[in-house]
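Asker: For reference, the file my_file_21.txt (compact mmCIF, C-alpha atoms) is included below:
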# COMPACT_ATOMS: atom_id res chain seq x y z
CA MET L 1 -137.53 8.89 61.85
CA GLN L 2 -138.54 12.35 60.84
CA ILE L 3 -139.75 14.07 57.74
CA ASN L 4 -138.21 17.30 56.50
CA VAL L 5 -140.53 20.20 57.25
CA ASP L 6 -139.66 23.68 56.01
CA VAL L 7 -141.70 26.35 57.84
CA LEU L 8 -141.71 29.84 56.33
CA ASP L 9 -143.35 32.92 57.87
CA ASN L 10 -143.72 35.32 54.96
CA THR L 11 -145.63 37.73 57.22
CA ASN L 12 -142.93 37.98 59.91
CA THR L 13 -145.73 38.12 62.50
CA LEU L 14 -145.71 34.68 64.09
CA GLU L 15 -143.87 33.80 67.28
CA GLN L 16 -141.13 31.17 67.22
CA GLY L 17 -143.36 28.91 69.32
CA GLN L 18 -146.05 28.99 66.63
CA LEU L 19 -143.55 28.11 63.90
CA SER L 20 -142.26 25.28 66.07
CA LEU L 21 -145.83 24.07 66.68
CA ALA L 22 -146.45 23.90 62.92
CA GLU L 23 -143.31 21.79 62.43
CA LYS L 24 -144.10 19.50 65.38
CA LEU L 25 -147.67 18.93 64.19
CA ALA L 26 -146.50 18.03 60.68
CA GLN L 27 -144.04 15.57 62.26
CA PHE L 28 -146.83 14.17 64.47
CA VAL L 29 -149.14 13.61 61.49
CA ALA L 30 -146.25 11.97 59.61
CA VAL L 31 -145.72 9.47 62.44
CA GLN L 32 -149.44 8.76 62.87
CA GLU L 33 -149.94 8.28 59.12
CA ASN L 34 -146.73 6.25 58.60
CA ILE L 35 -145.08 8.68 56.19
CA GLU L 36 -141.57 7.65 55.18
CA ALA L 37 -138.61 9.37 56.83
CA GLU L 38 -136.99 12.16 54.80
CA THR L 39 -140.30 13.00 53.06
CA GLU L 40 -140.44 16.73 52.34
CA VAL L 41 -143.21 19.20 53.19
CA THR L 42 -143.25 23.01 53.14
CA ILE L 43 -145.59 25.10 55.30
CA SER L 44 -145.82 28.78 54.36
CA PHE L 45 -147.64 31.44 56.34
CA VAL L 46 -148.89 34.30 54.18
CA THR L 47 -151.24 37.31 54.15
CA ASN L 48 -154.88 37.28 53.03
CA ASP L 49 -153.88 39.18 49.88
CA LEU L 50 -151.40 36.53 48.80
CA ILE L 51 -153.62 33.55 49.60
CA GLN L 52 -156.51 35.23 47.74
CA GLU L 53 -154.28 35.63 44.69
CA MET L 54 -153.25 31.97 44.90
CA ASN L 55 -156.86 30.85 45.44
CA ARG L 56 -157.91 32.84 42.37
CA ASP L 57 -155.06 31.59 40.19
CA TYR L 58 -155.20 27.92 41.18
CA ARG L 59 -158.82 27.33 42.17
CA GLY L 60 -160.72 30.06 40.31
CA LYS L 61 -162.05 31.49 43.60
CA ASP L 62 -161.24 35.18 44.04
CA VAL L 63 -161.57 35.24 47.84
CA PRO L 64 -159.10 34.69 50.66
CA THR L 65 -159.20 31.24 52.21
CA ASP L 66 -157.61 29.80 55.34
CA VAL L 67 -155.44 27.03 53.90
CA LEU L 68 -154.37 25.74 50.49
CA SER L 69 -152.56 22.48 49.84
CA PHE L 70 -150.52 21.80 46.74
CA SER L 71 -149.81 18.09 46.48
CA MET L 72 -146.82 17.01 44.45
CA GLU L 73 -148.35 13.55 44.18
CA GLU L 74 -151.67 14.58 42.67
CA LEU L 75 -151.76 15.42 38.98
CA GLY L 76 -153.73 18.41 37.77
CA GLU L 77 -154.92 18.99 34.24
CA GLU L 78 -152.14 18.84 31.65
CA GLU L 79 -149.52 18.01 34.31
CA ILE L 80 -146.91 15.34 33.73
CA GLU L 81 -146.02 12.90 36.50
CA ILE L 82 -142.65 13.52 38.09
CA ILE L 83 -140.74 10.30 38.56
CA LEU L 84 -138.08 10.55 41.25
CA GLU L 85 -134.89 8.52 41.33
CA GLU L 86 -134.91 5.72 43.90
CA ASP L 87 -132.62 7.54 46.33
CA MET L 88 -134.54 10.82 46.21
CA PRO L 89 -136.89 11.72 49.09
CA ARG L 90 -140.65 11.72 48.66
CA VAL L 91 -142.03 15.26 48.23
CA LEU L 92 -145.57 15.57 49.58
CA GLY L 93 -146.03 19.22 48.64
CA ASP L 94 -146.80 22.63 50.07
CA ILE L 95 -149.28 23.92 52.63
CA VAL L 96 -150.09 27.64 52.53
CA ILE L 97 -151.86 29.19 55.53
CA SER L 98 -153.31 32.69 55.83
CA VAL L 99 -152.24 34.22 59.16
CA ASP L 100 -155.09 36.74 58.86
CA LYS L 101 -157.69 33.98 58.45
CA MET L 102 -156.07 31.93 61.21
CA LYS L 103 -156.49 34.84 63.65
CA GLU L 104 -160.04 35.64 62.46
CA GLN L 105 -161.16 32.03 62.81
CA ALA L 106 -159.56 31.58 66.24
CA ALA L 107 -161.65 34.53 67.46
CA GLU L 108 -164.77 33.33 65.60
CA PHE L 109 -164.57 29.81 67.07
CA ASP L 110 -163.47 31.12 70.47
CA HIS L 111 -160.31 29.07 70.75
CA SER L 112 -156.60 29.89 70.77
CA GLU L 113 -154.59 30.86 67.72
CA ASN L 114 -152.46 27.78 68.39
CA ARG L 115 -155.55 25.54 68.17
CA GLU L 116 -156.50 27.16 64.85
CA LEU L 117 -152.93 26.92 63.57
CA GLY L 118 -152.93 23.25 64.52
CA PHE L 119 -156.23 22.65 62.77
CA LEU L 120 -154.96 24.28 59.57
CA VAL L 121 -151.65 22.37 59.57
CA VAL L 122 -153.38 19.02 60.15
CA HIS L 123 -156.04 19.86 57.53
CA GLY L 124 -153.33 20.73 55.00
CA MET L 125 -151.30 17.61 55.78
CA LEU L 126 -154.36 15.39 55.31
CA HIS L 127 -155.05 17.00 51.93
CA LEU L 128 -151.45 16.28 50.89
CA LEU L 129 -152.03 12.65 51.89
CA GLY L 130 -155.07 12.37 49.63
CA TYR L 131 -157.92 13.07 52.05
CA ASP L 132 -160.66 15.40 50.80
CA HIS L 133 -164.08 16.71 51.74
CA LEU L 134 -165.85 17.08 48.40
CA THR L 135 -168.60 14.61 49.34
CA ASP L 136 -170.41 14.15 52.65
CA GLU L 137 -168.84 10.71 53.03
CA ASP L 138 -165.30 11.99 52.39
CA GLU L 139 -165.91 14.93 54.73
CA LYS L 140 -166.93 12.61 57.58
CA ILE L 141 -163.78 10.53 57.10
CA MET L 142 -161.42 13.51 56.82
CA PHE L 143 -162.90 15.51 59.70
CA ALA L 144 -162.95 12.45 61.98
CA LYS L 145 -159.26 11.86 61.19
CA GLN L 146 -158.52 15.55 61.77
CA ASN L 147 -160.22 15.55 65.18
CA GLU L 148 -158.53 12.29 66.13
CA LEU L 149 -155.08 13.74 65.33
CA LEU L 150 -155.72 17.06 67.08
CA ASP L 151 -157.08 15.31 70.18
CA ALA L 152 -154.14 12.89 70.27
CA TYR L 153 -151.72 15.83 70.03
CA GLY L 154 -153.58 17.65 72.80
CA LEU L 155 -155.15 20.49 70.81
CA GLN L 156 -158.81 20.03 71.66
CA ARG L 157 -161.30 22.87 71.25
Kindly transcribe the structure held in the file into structure tokens.
Answerer:
Amino acid sequence: MQINVDVLDNTNTLEQGQLSLAEKLAQFVAVQENIEAETEVTISFVTNDLIQEMNRDYRGKDVPTDVLSFSMEELGEEEIEIILEEDMPRVLGDIVISVDKMKEQAAEFDHSENRELGFLVVHGMLHLLGYDHLTDEDEKIMFAKQNELLDAYGLQR
């Protein structure tokens, strides 16, 4: 049982192994979190400029960030719920990752780019599944789950 993960490198700078790692991690999270087979997720790797534009347009923050998640199951202001036919696959949403930030943070935290990529994919997947870190309590829950998943996959710091 697998989900459908579309991985797009809009920067054309990542190695095939990194793109494969992103897909495998999304699959791993799906299994661990009991996500239905055929569920759809897109992971896009972009530049700082593009993620800053998206962060400004969607979150009102005119700075580059490391990862954005756009859940198809969470309604924003003035959005109408999309009701899928019974035979249509579940669509979790999109994860957008800045390659520039990924590389900066890997150096800053003194771990591999693959570890940082893994962190950002897992973080984005958890957001799509409804986890958040707006309160201290929610942050503890989400970050514990994140660390548990990364450790289980073998991407420790």
Asker: Kindly indicate which residue among L:Leu149, L:Val99, L:Val31, L:Met125 lies nearest to Pro64 (chain L), using all atoms listed in the file for the distances.
Answerer: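 Residue with the minimum atom-to-atom distance to Pro64 (chain L): L:Val99.
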Asker: For Pro89 (chain L), which residue among L:Glu137, L:Asp66, L:Glu36, L:Asp9 is the nearest when counting only C-alpha atoms?
Answerer: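 Of the candidates, the smallest distance to Pro89 (chain L) is held by L:Glu36.
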Asker: Nearest to Asp151 (chain L): which of L:Thr42, L:Gly124, L:Val29, L:Glu104 is it, counting all atoms listed in the file?
Answerer: L:Val29
Asker: If you count only C-alpha atoms, which residues fall within 6 Å of Val96 (chain L), apart from same-chain ones fewer than 4 positions away, as a CSV table (one decimal) with C-alpha atoms, keeping the file's coordinate frame?
Answerer:
chain,number,residue,atom,x,y,z
L,43,ILE,CA,-145.6,25.1,55.3
L,44,SER,CA,-145.8,28.8,54.4
L,45,PHE,CA,-147.6,31.4,56.3
L,67,VAL,CA,-155.4,27.0,53.9
L,68,LEU,CA,-154.4,25.7,50.5
Asker: Select, from L:Glu53, L:Glu33, L:Glu108, L:Glu113, the residue with the minimum atom-to-atom distance to Gly130 (chain L), counting all atoms listed in the file.
Answerer: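 Going through L:Glu53, L:Glu33, L:Glu108, L:Glu113 one by one, the smallest distance to Gly130 (chain L) is for L:Glu33.
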Asker: One decimal, in Å: what's the spacing between CA of Ser98 (chain L) and CA of Ile51 (chain L)?
Answerer: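 Rounded to one decimal, the two atoms are 6.3 Å apart.
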Asker: Grab the CA of Asn12 (chain L) to CA of Gly93 (chain L) distance for me, in Å with one decimal place.
Answerer: 22.1 Å
Asker: What does the distance from CA of Gly154 (chain L) to CA of Thr39 (chain L) come to in Å, to one decimal?
Answerer: 24.2 Å
Asker: Here's a test: counting only C-alpha atoms, identify every protein, DNA and RNA residue with an atom at most 9 Å from (-151.5, 17.7, 64.0) in the file's coordinate frame, and state them as a compact mmCIF listing (two decimals) with C-alpha atoms, keeping the file's coordinate frame.
Answerer:
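And here is the file that came out, part26.txt:
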# COMPACT_ATOMS: atom_id res chain seq x y z
CA LEU L 21 -145.83 24.07 66.68
CA ALA L 22 -146.45 23.90 62.92
CA LYS L 24 -144.10 19.50 65.38
CA LEU L 25 -147.67 18.93 64.19
CA ALA L 26 -146.50 18.03 60.68
CA GLN L 27 -144.04 15.57 62.26
CA PHE L 28 -146.83 14.17 64.47
CA VAL L 29 -149.14 13.61 61.49
CA ALA L 30 -146.25 11.97 59.61
CA GLY L 118 -152.93 23.25 64.52
CA PHE L 119 -156.23 22.65 62.77
CA LEU L 120 -154.96 24.28 59.57
CA VAL L 121 -151.65 22.37 59.57
CA VAL L 122 -153.38 19.02 60.15
CA HIS L 123 -156.04 19.86 57.53
CA MET L 125 -151.30 17.61 55.78
CA GLN L 146 -158.52 15.55 61.77
CA LEU L 149 -155.08 13.74 65.33
CA LEU L 150 -155.72 17.06 67.08
CA ASP L 151 -157.08 15.31 70.18
CA ALA L 152 -154.14 12.89 70.27
CA TYR L 153 -151.72 15.83 70.03
CA LEU L 155 -155.15 20.49 70.81
Asker: Go through L:Asp6, L:Arg90, L:Lys61, L:Gln16 and flag the residue nearest Glu38 (chain L), using all atoms listed in the file for the distances.
Answerer: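 Using all atoms listed in the file, the shortest distance to Glu38 (chain L) belongs to L:Arg90.
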Asker: Excluding Asp100 (chain L) and residues on its chain fewer than 3 positions from it, collect all residues at most 8 Å away from it, counting all atoms listed in the file, and give them as a PyMOL selection string.
Answerer: chain L and resi 47-48+103-104
Asker: Could you check which of L:Asp138, L:Glu40, L:Asp57, L:Asp132 is closest to Leu92 (chain L), using only C-alpha atoms?
Answerer: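 Among L:Asp138, L:Glu40, L:Asp57, L:Asp132, it is L:Glu40 that comes nearest to Leu92 (chain L).
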Asker: Can you pull out the residues contacting Asp62 (chain L)? Cut-off 8 Å, using only C-alpha atoms, and skip same-chain residues under 3 positions away; I want them as a list in words.
Answerer: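 With the cut-off at 8 Å, the set is Gln52, Glu53, Asn55 and Arg56 of chain L.
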